[in-house]
$ cat upload-v6.txt   # compact mmCIF, C-alpha atoms
# COMPACT_ATOMS: atom_id res chain seq x y z
CA MET V 1 -8.58 -203.26 25.82
CA ALA V 2 -11.06 -204.92 23.44
CA VAL V 3 -11.35 -208.69 23.91
CA CYS V 4 -13.31 -211.03 21.66
CA PHE V 5 -14.36 -214.51 22.86
CA CYS V 6 -15.54 -217.12 20.37
CA GLN V 7 -16.74 -220.67 21.06
CA GLN V 8 -17.80 -223.46 18.73
CA ILE V 9 -19.47 -226.71 19.82
CA LEU V 10 -19.58 -229.78 17.57
CA GLU V 11 -21.54 -232.84 18.66
CA GLY V 12 -21.32 -236.24 17.01
CA GLY V 13 -22.41 -239.54 18.51
CA ASN V 14 -21.11 -239.77 22.08
CA GLU V 15 -18.44 -237.13 21.50
CA THR V 16 -18.61 -233.37 21.91
CA VAL V 17 -15.81 -231.07 20.68
CA VAL V 18 -15.64 -227.56 22.05
CA THR V 19 -13.32 -225.01 20.44
CA SER V 20 -12.85 -221.72 22.23
CA SER V 21 -10.70 -218.76 21.16
CA VAL V 22 -9.88 -215.32 22.45
CA THR V 23 -8.66 -212.39 20.35
CA PHE V 24 -7.17 -209.19 21.74
CA ALA V 25 -4.54 -206.55 20.98
CA PRO V 26 -1.87 -206.81 23.68
CA VAL V 27 -0.32 -203.73 25.31
CA PRO V 28 3.05 -203.41 27.08
CA GLU V 29 1.38 -204.03 30.45
CA ASP V 30 0.46 -207.54 29.23
CA ASP V 31 4.11 -208.51 28.91
CA ASN V 32 5.21 -211.40 31.15
CA THR V 33 1.64 -212.31 32.11
CA MET V 34 0.21 -215.82 31.95
CA LEU V 35 -2.55 -216.78 29.52
CA LYS V 36 -4.39 -219.93 30.58
CA CYS V 37 -7.05 -222.15 29.01
CA GLN V 38 -8.99 -224.63 31.15
CA GLY V 39 -11.50 -227.27 30.13
CA ASP V 40 -13.97 -229.05 32.44
CA ASN V 41 -16.60 -231.77 31.96
CA PRO V 42 -19.47 -231.34 34.42
CA SER V 43 -20.21 -235.06 34.07
CA LEU V 44 -16.70 -235.93 35.24
CA PRO V 45 -15.83 -233.62 38.09
CA GLY V 46 -12.17 -233.30 39.00
CA THR V 47 -10.94 -234.35 35.56
CA GLY V 48 -10.44 -230.88 34.09
CA LEU V 49 -7.37 -230.10 32.00
CA GLU V 50 -5.56 -226.84 31.43
CA ASP V 51 -2.73 -225.37 29.42
CA SER V 52 -0.94 -222.02 29.65
CA PHE V 53 1.89 -219.99 28.26
CA LEU V 54 3.72 -216.81 29.18
CA LEU V 55 3.07 -213.76 27.01
CA ASN V 56 6.16 -212.09 25.56
CA ILE V 57 5.02 -208.69 24.26
CA VAL V 58 7.63 -206.71 22.34
CA TYR V 59 7.29 -202.93 22.07
CA PRO V 60 9.37 -199.74 21.63
CA PRO V 61 10.83 -198.08 24.74
CA GLN V 62 8.54 -196.16 27.06
CA VAL V 63 10.60 -193.30 28.46
CA VAL V 64 9.97 -190.90 31.36
CA LEU V 65 12.63 -188.36 32.38
CA HIS V 66 12.77 -186.83 35.87
CA LEU V 67 14.99 -184.37 37.66
CA GLY V 68 16.63 -186.10 40.62
CA SER V 69 14.07 -186.92 43.32
CA THR V 70 16.19 -185.30 46.04
CA LEU V 71 16.43 -181.97 44.19
CA ASN V 72 14.19 -178.92 44.47
CA PRO V 73 13.72 -177.72 40.85
CA ASP V 74 13.03 -174.17 42.07
CA ASP V 75 16.18 -173.92 44.16
CA ILE V 76 19.09 -174.99 41.98
CA LYS V 77 22.02 -172.57 42.10
CA GLU V 78 25.28 -172.31 40.24
CA GLY V 79 27.79 -174.69 41.79
CA ASP V 80 25.17 -177.26 42.84
CA ASP V 81 25.35 -180.90 41.73
CA VAL V 82 22.37 -181.89 39.57
CA TYR V 83 21.24 -185.23 38.21
CA PHE V 84 18.53 -186.58 35.92
CA GLU V 85 16.96 -190.03 35.92
CA CYS V 86 15.78 -191.61 32.67
CA ASN V 87 13.24 -194.33 33.51
CA ILE V 88 12.83 -196.80 30.66
CA ARG V 89 10.52 -199.73 30.10
CA ALA V 90 11.21 -201.74 26.94
CA ASN V 91 11.06 -205.23 25.45
CA PRO V 92 13.55 -206.14 24.13
CA LYS V 93 15.72 -204.16 26.53
CA GLN V 94 17.07 -200.89 25.22
CA HIS V 95 20.57 -201.11 23.78
CA LYS V 96 21.30 -197.39 23.59
CA ILE V 97 20.51 -194.30 25.69
CA THR V 98 21.40 -190.82 24.42
CA TRP V 99 21.14 -187.47 26.20
CA PHE V 100 20.38 -184.07 24.67
CA HIS V 101 20.46 -180.48 25.93
CA ASN V 102 18.10 -177.72 24.76
CA THR V 103 15.34 -179.69 23.07
CA SER V 104 12.73 -177.57 21.35
CA LYS V 105 9.10 -178.49 20.70
CA THR V 106 8.77 -175.68 18.16
CA GLY V 107 11.34 -177.17 15.83
CA LYS V 108 14.06 -174.69 16.82
CA THR V 109 16.97 -175.31 19.11
CA GLU V 110 17.93 -172.75 21.72
CA GLY V 111 21.38 -171.71 20.61
CA PHE V 112 22.61 -175.15 19.58
CA PRO V 113 22.73 -176.89 16.18
CA SER V 114 20.03 -179.45 15.46
CA LEU V 115 21.15 -183.07 15.29
CA LEU V 116 17.95 -184.86 14.36
CA THR V 117 14.19 -184.63 14.51
CA VAL V 118 12.16 -187.38 16.13
CA LEU V 119 8.55 -188.10 16.97
CA TRP V 120 7.57 -188.39 20.60
CA GLN V 121 4.45 -190.48 21.24
CA ALA V 122 2.58 -188.57 23.94
CA GLN V 123 1.65 -190.91 26.75
CA LYS V 124 -2.07 -191.24 27.44
CA GLN V 125 -2.79 -189.26 24.27
CA ALA V 126 -3.30 -190.49 20.73
CA GLN V 127 -1.17 -187.78 19.17
CA CYS V 128 2.41 -187.09 18.23
CA ALA V 129 4.46 -183.95 18.75
CA VAL V 130 7.54 -183.06 16.72
CA PHE V 131 10.68 -182.28 18.74
CA THR V 132 14.01 -181.08 17.44
CA VAL V 133 16.80 -182.10 19.76
CA GLY V 134 19.72 -179.81 20.42
CA ALA V 135 23.25 -180.56 21.56
CA LEU V 136 24.34 -184.12 22.21
CA VAL V 137 25.48 -184.55 25.82
CA THR V 138 28.56 -186.74 26.18
CA GLN V 139 30.53 -187.78 29.22
CA ASN V 140 33.29 -185.38 30.23
CA MET V 141 34.62 -186.17 33.68
CA SER V 142 36.92 -183.14 33.77
CA SER V 143 33.89 -180.87 33.12
CA GLY V 144 31.75 -182.66 35.70
CA ILE V 145 29.46 -184.39 33.16
CA ILE V 146 28.94 -188.02 34.17
CA ILE V 147 26.69 -190.51 32.38
CA SER V 148 25.91 -193.72 34.25
CA THR V 149 23.37 -196.23 32.93
CA HIS V 150 20.06 -194.32 33.27
CA SER V 151 21.46 -191.21 34.96
CA LEU V 152 23.02 -187.94 33.86
CA VAL V 153 25.02 -186.03 36.50
CA LEU V 154 26.09 -182.39 36.17
CA GLN V 155 28.60 -181.48 38.87
CA LYS V 156 29.00 -177.83 39.86
CA VAL V 157 26.36 -176.79 37.35
CA THR V 158 26.64 -173.42 35.62
CA ARG V 159 23.97 -171.05 34.29
CA TYR V 160 24.89 -172.09 30.75
CA GLN V 161 23.79 -175.63 31.48
CA GLY V 162 20.23 -174.53 32.15
CA GLY V 163 17.56 -175.43 29.60
CA ALA V 164 15.58 -178.44 28.40
CA TYR V 165 17.03 -181.94 28.72
CA THR V 166 15.80 -185.15 27.09
CA CYS V 167 16.91 -188.77 26.88
CA LEU V 168 16.44 -191.03 23.87
CA ALA V 169 16.13 -194.81 24.27
CA VAL V 170 16.50 -197.29 21.40
CA ASN V 171 15.65 -200.98 21.06
CA PRO V 172 14.99 -203.23 18.01
CA ARG V 173 11.32 -202.15 18.01
CA GLY V 174 12.01 -198.44 17.71
CA GLU V 175 13.27 -195.32 19.47
CA THR V 176 11.52 -192.98 21.89
CA LEU V 177 12.45 -189.49 23.03
CA SER V 178 11.38 -188.44 26.50
CA GLN V 179 9.35 -185.35 27.19
CA PRO V 180 11.71 -182.40 27.85
CA VAL V 181 12.53 -181.53 31.47
CA GLN V 182 13.55 -177.95 32.23
CA LEU V 183 16.59 -177.17 34.36
CA ARG V 184 16.56 -173.64 35.82
CA VAL V 185 19.83 -172.49 37.35
CA ARG V 186 19.82 -169.49 39.68
CA LEU V 187 22.82 -167.18 39.78
CA GLN V 188 24.91 -167.60 42.89
CA GLN V 189 24.64 -164.52 45.10
CA THR V 190 27.86 -163.20 46.60
CA SER V 191 28.69 -160.75 49.37
CA SER V 192 29.27 -158.10 46.73
CA GLY V 193 26.08 -158.81 44.81
CA ALA V 194 23.78 -161.11 42.93
CA SER V 195 26.13 -161.87 40.10
CA VAL V 196 27.31 -158.23 40.33
CA TYR V 197 25.58 -156.27 43.07
CA GLY V 198 23.97 -158.90 45.27
CA ARG V 199 20.56 -157.27 45.58
CA LYS V 200 17.45 -159.41 45.62
CA ASP V 201 15.12 -156.51 44.86
CA CYS V 202 15.01 -155.79 41.13
CA THR V 203 13.49 -152.36 41.71
CA THR V 204 16.76 -151.22 43.32
CA MET V 205 19.04 -152.74 40.69
CA PRO V 206 21.28 -150.01 39.18
CA LYS V 207 20.42 -149.01 35.62
CA LYS V 208 23.97 -149.53 34.43
CA LEU V 209 23.39 -153.27 34.68
CA PHE V 210 21.16 -152.96 31.62
CA PRO V 211 22.55 -150.14 29.45
CA GLU V 212 20.54 -151.35 26.47
CA VAL V 213 17.18 -151.09 28.24
CA GLU V 214 15.49 -148.61 30.52
CA ALA V 215 15.26 -149.91 34.09
CA SER V 216 11.65 -148.77 34.27
CA THR V 217 10.43 -150.98 31.41
CA GLY V 218 8.70 -154.30 31.95
CA TYR V 219 11.28 -156.07 29.83
CA SER V 220 14.10 -154.78 32.01
CA SER V 221 12.26 -156.07 35.09
CA ARG V 222 11.86 -159.51 33.53
CA LEU V 223 15.51 -159.56 32.52
CA CYS V 224 16.55 -158.58 36.02
CA LYS V 225 14.43 -161.31 37.63
CA SER V 226 15.76 -163.83 35.16
CA LEU V 227 19.32 -162.99 36.10
CA LEU V 228 18.49 -163.35 39.78
CA GLY V 229 16.82 -166.72 39.16
CA GLU V 230 13.42 -165.41 40.21
CA VAL V 231 10.14 -166.61 38.73
CA VAL V 232 9.18 -164.22 35.92
$ encode --input "upload-v6.txt" --output "structure tokens"
Amino acid sequence: MAVCFCQQILEGGNETVVTSSVTFAPVPEDDNTMLKCQGDNPSLPGTGLEDSFLLNIVYPPQVVLHLGSTLNPDDIKEGDDVYFECNIRANPKQHKITWFHNTSKTGKTEGFPSLLTVLWQAQKQAQCAVFTVGALVTQNMSSGIIISTHSLVLQKVTRYQGGAYTCLAVNPRGETLSQPVQLRVRLQQTSSGASVYGRKDCTTMPKKLFPEVEASTGYSSRLCKSLLGEVV
């Protein structure tokens, strides 16, 4: 942060007037901090005076989205309960939080209609990236979708709920979309098979699982691993 200090001294007769000023561009971290000015006369020790005021810095929301801290992002299976936490810092306080599923950085949504396009200010970088948000997520208790203040809960998650999630916070100074967080849902393995056959080894997966592709091709292998929830 660049700070400029200026001081002017005017002397006349037995009186000296000192004018001091400080100029700086405040950042959100300066909010609710105390700015103090103190004057002392070395000829009159103990007679110094001071004045201060509390800084009230207004700024658009700063938003960081996380998958629940108690969850292992690489071990989420169908039927598990999943939750996201949208951490927001804003002044004035945000008055609206919206959740989206399948946000795309390329400007295309993944199988869902686009609702709006927003600019996300990359933290710690002086650049903007364009995101197109996908489906609006709304509360549906019967479907296990619960929205509570800064949290989104998905009960008994399904494979179709996998994808990129974002939260959008709005206050009078602007709106900010979080960086997308990926949710990867592994298929639940059963006694009769992983989704169908229950085999963890893709090399032994029957060809009839993928009639449209040869089992020996690389694409078939990637598709198989994707279905089993393995890292491709």
$ residues_around --input "upload-v6.txt" --residues "Leu49 in chain V" --least-positions-apart "2" --cutoff "9 Å" --atoms "only C-alpha atoms" --output "list in words"
Cys37, Gln38, Gly39, Asp40, Thr47 and Asp51 of chain V
$ atom_distance --input "upload-v6.txt" --atom1 "CA of Phe53 in chain V" --atom2 "CA of Asp31 in chain V"
11.7 Å
$ atom_distance --input "upload-v6.txt" --atom1 "CA of Asn140 in chain V" --atom2 "CA of Ser69 in chain V"
23.3 Å
$ atom_distance --input "upload-v6.txt" --atom1 "CA of Val137 in chain V" --atom2 "CA of Pro28 in chain V"
29.3 Å
$ residues_around --input "upload-v6.txt" --residues "Val58 in chain V" --least-positions-apart "6" --cutoff "10 Å" --atoms "only C-alpha atoms" --output "list in words"
Pro26, Val27, Pro28, Asp30, Asp31, Ala90, Asn91, Pro92, Lys93, Asn171, Pro172 and Arg173 of chain V
$ closest_residue --input "upload-v6.txt" --among "V:Asn72, V:Gln62, V:Asn102, V:Thr16" --to "Val170 in chain V" --atoms "only C-alpha atoms"
V:Gln62
